[in-house]
$ cat my_file.txt   # compact mmCIF, C-alpha atoms
# COMPACT_ATOMS: atom_id res chain seq x y z
CA MET C 1 -58.47 17.16 11.05
CA SER C 2 -61.94 16.50 9.62
CA ASP C 3 -63.10 13.00 8.68
CA SER C 4 -63.15 13.83 4.96
CA SER C 5 -59.60 15.24 5.10
CA ARG C 6 -58.45 12.12 6.92
CA VAL C 7 -60.05 9.87 4.29
CA THR C 8 -58.47 11.92 1.47
CA LEU C 9 -55.07 11.65 3.14
CA ILE C 10 -55.39 7.88 3.60
CA LEU C 11 -56.50 7.41 -0.01
CA ALA C 12 -53.57 9.49 -1.26
CA ALA C 13 -51.15 7.43 0.84
CA VAL C 14 -52.65 4.14 -0.37
CA THR C 15 -52.45 5.32 -3.99
CA ALA C 16 -48.86 6.41 -3.54
CA ILE C 17 -47.87 3.06 -2.05
CA THR C 18 -49.87 0.62 -4.12
CA GLY C 19 -51.51 2.41 -7.02
CA CYS C 20 -48.65 3.93 -9.04
CA CYS C 21 -47.72 0.64 -10.69
CA THR C 22 -51.06 0.51 -12.47
CA LEU C 23 -52.05 4.18 -12.63
CA THR C 24 -49.04 5.26 -14.69
CA LYS C 25 -48.55 2.12 -16.76
CA SER C 26 -49.06 3.49 -20.27
CA GLU C 27 -46.97 6.60 -19.61
CA THR C 28 -44.15 4.47 -18.18
CA SER C 29 -44.34 2.02 -21.09
CA SER C 30 -43.86 4.90 -23.55
CA ARG C 31 -40.85 6.14 -21.58
CA LEU C 32 -39.30 2.65 -21.53
CA ARG C 33 -39.88 2.24 -25.28
CA GLU C 34 -38.00 5.52 -25.82
CA LEU C 35 -35.04 4.16 -23.85
CA GLU C 36 -35.17 0.96 -25.92
CA GLN C 37 -35.07 2.98 -29.17
CA GLU C 38 -32.17 5.12 -27.91
CA HIS C 39 -30.18 1.99 -27.03
CA ILE C 40 -30.90 0.44 -30.46
CA ALA C 41 -29.96 3.68 -32.27
CA PHE C 42 -26.68 3.71 -30.32
CA ILE C 43 -25.85 0.18 -31.56
CA ASP C 44 -26.74 1.22 -35.14
CA ALA C 45 -24.43 4.24 -34.88
CA TYR C 46 -21.45 2.00 -34.09
CA THR C 47 -22.16 -0.87 -36.49
CA ALA C 48 -19.48 -1.30 -39.14
CA PRO C 49 -21.00 -1.00 -42.65
CA SER C 50 -19.23 -4.13 -43.88
CA GLN C 51 -17.05 -6.94 -42.54
CA GLY C 52 -13.55 -5.70 -41.71
CA SER C 53 -14.49 -2.00 -41.96
CA GLN C 54 -14.65 0.40 -39.02
CA VAL C 55 -16.87 3.28 -37.98
CA GLN C 56 -14.89 6.54 -37.90
CA TRP C 57 -14.11 7.01 -34.20
CA ASP C 58 -14.90 10.33 -32.58
CA GLU C 59 -14.23 10.11 -28.85
CA ALA C 60 -16.04 13.35 -27.95
CA ASN C 61 -19.11 12.37 -29.95
CA PHE C 62 -19.11 8.89 -28.37
CA GLN C 63 -18.88 10.31 -24.83
CA ALA C 64 -21.66 12.81 -25.57
CA LYS C 65 -23.96 10.04 -26.86
CA VAL C 66 -23.23 7.85 -23.81
CA GLN C 67 -23.85 10.75 -21.43
CA THR C 68 -27.17 11.61 -23.09
CA ILE C 69 -28.44 8.03 -22.87
CA ASN C 70 -27.19 7.56 -19.30
CA GLN C 71 -29.03 10.77 -18.41
CA GLY C 72 -32.16 9.31 -20.02
CA PHE C 73 -31.94 6.26 -17.75
CA ALA C 74 -31.31 8.45 -14.69
CA THR C 75 -34.32 10.64 -15.52
CA ALA C 76 -36.50 7.56 -16.02
CA ALA C 77 -35.29 6.09 -12.71
CA SER C 78 -36.36 9.25 -10.87
CA ASP C 79 -39.79 9.30 -12.53
CA VAL C 80 -42.48 8.71 -9.90
CA GLY C 81 -44.18 6.00 -11.98
CA ILE C 82 -40.94 4.04 -12.02
CA ARG C 83 -39.31 4.68 -8.66
CA SER C 84 -42.57 3.92 -6.80
CA CYS C 85 -42.86 0.49 -8.45
CA PRO C 86 -40.07 -1.93 -7.39
CA ALA C 87 -40.29 -4.14 -10.51
CA ARG C 88 -39.99 -1.15 -12.85
CA LYS C 89 -37.20 0.38 -10.77
CA GLN C 90 -35.26 -2.89 -10.95
CA PHE C 91 -35.91 -3.20 -14.68
CA VAL C 92 -34.61 0.32 -15.41
CA GLU C 93 -31.51 -0.36 -13.29
CA ASN C 94 -30.84 -3.59 -15.22
CA SER C 95 -31.46 -1.96 -18.61
CA SER C 96 -29.15 0.89 -17.68
CA ALA C 97 -26.46 -1.65 -16.67
CA LEU C 98 -26.93 -3.42 -20.03
CA PHE C 99 -26.46 -0.14 -21.88
CA LYS C 100 -23.32 0.71 -19.88
CA LYS C 101 -21.96 -2.75 -20.69
CA ASP C 102 -22.54 -2.23 -24.43
CA ALA C 103 -21.04 1.28 -24.28
CA SER C 104 -17.94 -0.13 -22.59
CA PHE C 105 -17.64 -2.87 -25.24
CA ILE C 106 -17.89 -0.32 -28.06
CA GLU C 107 -15.44 2.02 -26.35
CA THR C 108 -12.92 -0.85 -26.39
CA HIS C 109 -13.57 -2.02 -29.98
CA HIS C 110 -14.74 1.29 -31.54
CA SER C 111 -17.30 -0.57 -33.69
CA VAL C 112 -19.23 -3.85 -33.86
CA GLY C 113 -19.90 -6.26 -36.72
CA SER C 114 -23.28 -6.42 -38.44
CA SER C 115 -24.08 -9.94 -37.15
CA PHE C 116 -23.32 -8.93 -33.58
CA ALA C 117 -25.40 -5.76 -34.01
CA GLU C 118 -28.43 -7.71 -35.24
CA HIS C 119 -28.18 -10.16 -32.32
CA LYS C 120 -27.64 -7.31 -29.87
CA LYS C 121 -30.71 -5.41 -31.10
CA GLU C 122 -32.78 -8.59 -30.88
CA GLN C 123 -31.55 -9.02 -27.29
CA ILE C 124 -32.48 -5.43 -26.40
CA ARG C 125 -35.99 -5.93 -27.85
CA GLN C 126 -36.32 -9.24 -25.99
CA ASN C 127 -35.41 -7.50 -22.74
CA TYR C 128 -38.01 -4.73 -23.10
CA ASP C 129 -40.71 -6.99 -24.60
CA SER C 130 -40.39 -9.56 -21.81
CA PHE C 131 -41.01 -6.79 -19.28
CA LEU C 132 -43.61 -4.68 -21.06
CA ASN C 133 -45.68 -7.57 -22.46
CA GLN C 134 -46.01 -9.49 -19.21
CA MET A 1 -33.73 -28.73 -34.07
CA SER A 2 -31.40 -30.88 -31.89
CA SER A 3 -29.69 -32.16 -35.06
CA THR A 4 -28.92 -28.53 -35.92
CA ILE A 5 -27.11 -27.92 -32.66
CA THR A 6 -25.36 -31.27 -33.09
CA ASP A 7 -24.19 -30.12 -36.54
CA LYS A 8 -22.94 -26.84 -35.13
CA LEU A 9 -20.88 -28.65 -32.52
CA SER A 10 -19.65 -31.39 -34.88
CA GLY A 11 -16.28 -29.66 -35.33
CA ILE A 12 -15.45 -30.22 -31.67
CA THR A 13 -13.79 -33.64 -31.54
CA ASP A 14 -11.90 -33.37 -28.24
CA PRO A 15 -13.13 -36.34 -26.14
CA ALA A 16 -12.70 -34.27 -22.99
CA LEU A 17 -15.52 -32.02 -24.24
CA SER A 18 -17.87 -34.85 -25.13
CA ALA A 19 -19.85 -34.62 -21.87
CA ALA A 20 -20.19 -30.83 -22.17
CA LYS A 21 -21.38 -31.16 -25.78
CA ASN A 22 -23.99 -33.74 -24.80
CA GLU A 23 -25.15 -31.65 -21.85
CA LEU A 24 -25.51 -28.50 -23.99
CA THR A 25 -27.38 -30.38 -26.73
CA GLY A 26 -29.76 -31.88 -24.18
CA LEU A 27 -30.39 -28.57 -22.42
CA ILE A 28 -31.04 -26.73 -25.68
CA SER A 29 -33.44 -29.45 -26.77
CA THR A 30 -35.32 -29.20 -23.47
CA ALA A 31 -35.40 -25.39 -23.64
CA GLU A 32 -36.76 -25.45 -27.20
CA SER A 33 -39.74 -27.53 -26.13
CA ASP A 34 -40.48 -25.45 -23.04
CA THR A 35 -43.81 -23.63 -22.90
CA GLU A 36 -42.21 -20.34 -21.89
CA ALA A 37 -41.48 -18.15 -24.94
CA PHE A 38 -38.53 -16.45 -23.24
CA ILE A 39 -36.79 -19.80 -22.66
CA GLN A 40 -37.41 -20.91 -26.26
CA ALA A 41 -36.07 -17.59 -27.60
CA ASN A 42 -32.99 -17.84 -25.41
CA ALA A 43 -32.17 -21.30 -26.83
CA ARG A 44 -32.78 -20.09 -30.40
CA HIS A 45 -30.54 -17.04 -29.89
CA LEU A 46 -27.71 -19.16 -28.50
CA GLN A 47 -27.83 -21.44 -31.54
CA ASP A 48 -27.76 -18.42 -33.89
CA TRP A 49 -24.75 -16.99 -32.05
CA LEU A 50 -22.92 -20.33 -32.17
CA ALA A 51 -23.57 -20.55 -35.93
CA ASP A 52 -22.18 -17.04 -36.45
CA VAL A 53 -19.05 -17.78 -34.40
CA LYS A 54 -18.54 -21.01 -36.35
CA SER A 55 -18.90 -19.22 -39.72
CA GLY A 56 -16.61 -16.37 -38.62
CA ALA A 57 -19.38 -13.75 -38.81
CA MET A 58 -18.89 -13.01 -35.12
CA SER A 59 -15.79 -12.93 -32.89
CA GLN A 60 -15.44 -14.77 -29.59
CA ASP A 61 -15.37 -11.35 -27.86
CA GLU A 62 -18.72 -10.45 -29.42
CA PHE A 63 -20.15 -13.87 -28.52
CA ASN A 64 -19.01 -13.48 -24.89
CA GLU A 65 -20.52 -9.99 -24.72
CA LEU A 66 -23.89 -11.30 -25.91
CA VAL A 67 -23.77 -14.19 -23.43
CA ASP A 68 -22.89 -11.93 -20.47
CA ALA A 69 -25.70 -9.52 -21.36
CA GLU A 70 -28.18 -12.37 -21.89
CA LYS A 71 -27.37 -13.67 -18.41
CA ILE A 72 -28.37 -10.28 -16.96
CA VAL A 73 -31.62 -10.27 -19.00
CA ALA A 74 -32.41 -13.87 -18.00
CA LYS A 75 -31.71 -13.32 -14.28
CA ASP A 76 -34.01 -10.28 -14.25
CA PHE A 77 -36.68 -12.28 -16.07
CA THR A 78 -36.28 -15.14 -13.56
CA LEU A 79 -36.74 -12.80 -10.59
CA ARG A 80 -39.92 -11.40 -12.13
CA GLN A 81 -41.19 -14.95 -12.71
CA VAL A 82 -40.71 -15.69 -9.00
CA GLU A 83 -42.74 -12.60 -8.06
CA ALA A 84 -45.47 -13.45 -10.58
CA ALA A 85 -45.57 -17.07 -9.34
CA GLN A 86 -45.85 -15.91 -5.72
CA GLU A 87 -48.67 -13.53 -6.64
CA ARG A 88 -50.48 -16.29 -8.54
CA THR A 89 -50.02 -18.81 -5.70
CA GLU A 90 -51.37 -16.33 -3.17
CA GLN A 91 -54.33 -15.54 -5.42
CA LEU A 92 -55.11 -19.25 -5.86
CA THR A 93 -54.74 -20.15 -2.18
CA VAL A 94 -55.13 -17.37 0.40
CA GLN A 95 -57.60 -15.29 -1.65
CA ILE A 96 -59.74 -18.34 -2.44
CA LEU A 97 -59.84 -19.29 1.24
CA GLU A 98 -60.74 -15.74 2.30
CA LEU A 99 -63.40 -15.43 -0.38
CA ALA A 100 -64.97 -18.71 0.68
CA ALA A 101 -64.88 -17.87 4.39
CA GLU A 102 -65.98 -14.25 4.16
CA LYS A 103 -68.47 -14.17 1.29
CA ILE A 104 -69.63 -17.63 0.29
CA VAL A 105 -70.06 -19.55 3.54
CA PRO A 106 -72.10 -16.81 5.30
CA ALA A 107 -74.52 -16.97 2.36
CA LEU A 108 -74.75 -20.75 2.54
CA ILE A 109 -75.77 -20.88 6.18

$ encode --input "my_file.txt" --output "structure tokens"
Amino acid sequence: MSDSSRVTLILAAVTAITGCCTLTKSETSSRLRELEQEHIAFIDAYTAPSQGSQVQWDEANFQAKVQTINQGFATAASDVGIRSCPARKQFVENSSALFKKDASFIETHHSVGSSFAEHKKEQIRQNYDSFLNQ
Amino acid sequence: MSSTITDKLSGITDPALSAAKNELTGLISTAESDTEAFIQANARHLQDWLADVKSGAMSQDEFNELVDAEKIVAKDFTLRQVEAAQERTEQLTVQILELAAEKIVPALI
């Protein structure tokens, strides 16, 4: 192997190990913001319009929504800019767990109240902001 | 803001809960004056949730769900703080020492 090839190989390895966290930051931030919006839209979809009312329950539609969002988290977790950076990988795993927790809560209750929904959306934003703005 | 949390808890008159009430009030007061925005927000959220449970706008189930989720968010934030603190400590100790030894001192001599 020539010296220049060796240097190129070493640089590529160093970039792969240490550089991805900074090199792909803006792209990853956009992807994470999409996940945040999908989670918030999911909460909106199951928020009762008024106190004591319920959202019309459609099990198949609910399962389809959950599957789509879970797939979004799985795709993000396999993205090179995320899986190569331990902090991002951990954050996506935690955010995915938070979504699954909310989906399970809604599956049990079929809808949530407007106060809860507002607090929940604030919590989701807090989670993503605390990570992306650090 | 402490008087607000005291007001929210004023309906609890069981003497057995007096110590817990005082502890919560004190911790919220401390958190509100912390310099970390995440800690302040956490204390503010908890007070909002308590107010909504007290007024009947939110059920205990919903409150517990928010608390459980907030614990996950806060633990993740805490872990990141540890990493950031370690990075900062290393930058302010080891890197300073290396910079002084490798770049500055050779130029002084």

$ atom_distance --input "my_file.txt" --atom1 "CA of Val92 in chain C" --atom2 "CA of Ser26 in chain C"
15.6 Å

$ closest_atom_pairs --input "my_file.txt" --of "chain A" --to "chain C" --cutoff "7 Å" --atoms "only C-alpha atoms" --output "JSON lines"
{"residue": "A:Ala57", "atom": "CA", "partner": "C:Ser115", "partner_atom": "CA", "distance": 6.3}
{"residue": "A:Met58", "atom": "CA", "partner": "C:Phe116", "partner_atom": "CA", "distance": 6.2}
{"residue": "A:Glu62", "atom": "CA", "partner": "C:Phe116", "partner_atom": "CA", "distance": 6.4}
{"residue": "A:Leu66", "atom": "CA", "partner": "C:Lys120", "partner_atom": "CA", "distance": 6.8}
{"residue": "A:Ala69", "atom": "CA", "partner": "C:Leu98", "partner_atom": "CA", "distance": 6.4}
{"residue": "A:Val73", "atom": "CA", "partner": "C:Asn127", "partner_atom": "CA", "distance": 6.0}

$ atom_distance --input "my_file.txt" --atom1 "CA of Pro86 in chain C" --atom2 "CA of Asn70 in chain C"
19.9 Å

$ atom_distance --input "my_file.txt" --atom1 "CA of Thr30 in chain A" --atom2 "CA of Leu132 in chain C"
26.0 Å

$ residues_near_point --input "my_file.txt" --point "(-22.8, -20.2, -38.3)" --cutoff "12 Å" --atoms "only C-alpha atoms" --output "ChimeraX atom specification"
/C:115 /A:4-5,7-9,11,45-59,63

$ residues_near_point --input "my_file.txt" --point "(-15.8, 1.9, -40.6)" --cutoff "12 Å" --atoms "only C-alpha atoms" --output "count of residues only"
20

$ axis_aligned_box --input "my_file.txt" --around "range 30-42 of chain C" --padding-each-side "4 Å" --output "JSON"
{"center_x": -35.3, "center_y": 3.3, "center_z": -26.9, "size_x": 25.2, "size_y": 13.7, "size_z": 18.7}

$ residues_around --input "my_file.txt" --residues "Ala31 in chain A" --least-positions-apart "6" --cutoff "8 Å" --atoms "only C-alpha atoms" --output "NGL selection string"
:A and (39-40 or 43)

$ closest_residue --input "my_file.txt" --among "C:Gln37, C:Ser29, C:Thr108, C:Gln63" --to "Ile82 in chain C" --atoms "all atoms listed in the file"
C:Ser29

$ closest_residue --input "my_file.txt" --among "C:Leu35, C:Ile43, C:Ala77, C:Val66" --to "Lys100 in chain C" --atoms "all atoms listed in the file"
C:Val66

$ build_atoms --input "my_file.txt" --residues "range 20-44 of chain A" --atoms "N, CA and C atoms" --output "short mmCIF file (atom, residue, chain, number, x, y, z; two decimals), keeping the file's coordinate frame"
data_model
loop_
_atom_site.label_atom_id
_atom_site.label_comp_id
_atom_site.auth_asym_id
_atom_site.auth_seq_id
_atom_site.Cartn_x
_atom_site.Cartn_y
_atom_site.Cartn_z
N ALA A 20 -19.66 -32.20 -22.10
CA ALA A 20 -20.19 -30.83 -22.17
C ALA A 20 -21.06 -30.66 -23.41
N LYS A 21 -20.61 -31.23 -24.54
CA LYS A 21 -21.38 -31.16 -25.78
C LYS A 21 -22.75 -31.81 -25.60
N ASN A 22 -22.73 -33.02 -25.01
CA ASN A 22 -23.99 -33.74 -24.80
C ASN A 22 -24.93 -32.97 -23.86
N GLU A 23 -24.34 -32.39 -22.83
CA GLU A 23 -25.15 -31.65 -21.85
C GLU A 23 -25.79 -30.42 -22.53
N LEU A 24 -24.99 -29.69 -23.31
CA LEU A 24 -25.51 -28.50 -23.99
C LEU A 24 -26.61 -28.87 -24.98
N THR A 25 -26.38 -29.94 -25.75
CA THR A 25 -27.38 -30.38 -26.73
C THR A 25 -28.69 -30.75 -26.03
N GLY A 26 -28.57 -31.47 -24.93
CA GLY A 26 -29.76 -31.88 -24.18
C GLY A 26 -30.51 -30.70 -23.60
N LEU A 27 -29.75 -29.74 -23.03
CA LEU A 27 -30.39 -28.57 -22.42
C LEU A 27 -31.08 -27.69 -23.47
N ILE A 28 -30.43 -27.54 -24.61
CA ILE A 28 -31.04 -26.73 -25.68
C ILE A 28 -32.31 -27.40 -26.19
N SER A 29 -32.26 -28.71 -26.32
CA SER A 29 -33.44 -29.45 -26.77
C SER A 29 -34.60 -29.28 -25.78
N THR A 30 -34.28 -29.38 -24.50
CA THR A 30 -35.32 -29.20 -23.47
C THR A 30 -35.88 -27.78 -23.50
N ALA A 31 -34.98 -26.80 -23.63
CA ALA A 31 -35.40 -25.39 -23.64
C ALA A 31 -36.30 -25.09 -24.84
N GLU A 32 -35.97 -25.69 -25.98
CA GLU A 32 -36.76 -25.45 -27.20
C GLU A 32 -38.19 -25.94 -27.08
N SER A 33 -38.38 -26.99 -26.27
CA SER A 33 -39.74 -27.53 -26.13
C SER A 33 -40.46 -26.99 -24.90
N ASP A 34 -39.84 -26.04 -24.21
CA ASP A 34 -40.48 -25.45 -23.04
C ASP A 34 -41.67 -24.60 -23.47
N THR A 35 -42.62 -24.42 -22.56
CA THR A 35 -43.81 -23.63 -22.90
C THR A 35 -43.55 -22.13 -22.79
N GLU A 36 -42.51 -21.75 -22.09
CA GLU A 36 -42.21 -20.34 -21.89
C GLU A 36 -41.46 -19.76 -23.11
N ALA A 37 -42.06 -18.75 -23.73
CA ALA A 37 -41.48 -18.15 -24.94
C ALA A 37 -40.08 -17.61 -24.71
N PHE A 38 -39.84 -17.02 -23.53
CA PHE A 38 -38.53 -16.45 -23.24
C PHE A 38 -37.45 -17.53 -23.26
N ILE A 39 -37.76 -18.69 -22.71
CA ILE A 39 -36.79 -19.80 -22.66
C ILE A 39 -36.52 -20.33 -24.07
N GLN A 40 -37.57 -20.46 -24.87
CA GLN A 40 -37.41 -20.91 -26.26
C GLN A 40 -36.53 -19.93 -27.04
N ALA A 41 -36.82 -18.63 -26.87
CA ALA A 41 -36.07 -17.59 -27.60
C ALA A 41 -34.60 -17.61 -27.20
N ASN A 42 -34.36 -17.80 -25.92
CA ASN A 42 -32.99 -17.84 -25.41
C ASN A 42 -32.19 -18.97 -26.09
N ALA A 43 -32.82 -20.15 -26.20
CA ALA A 43 -32.17 -21.30 -26.83
C ALA A 43 -31.93 -21.04 -28.32
N ARG A 44 -32.90 -20.40 -28.97
CA ARG A 44 -32.78 -20.09 -30.40
C ARG A 44 -31.65 -19.08 -30.63
#
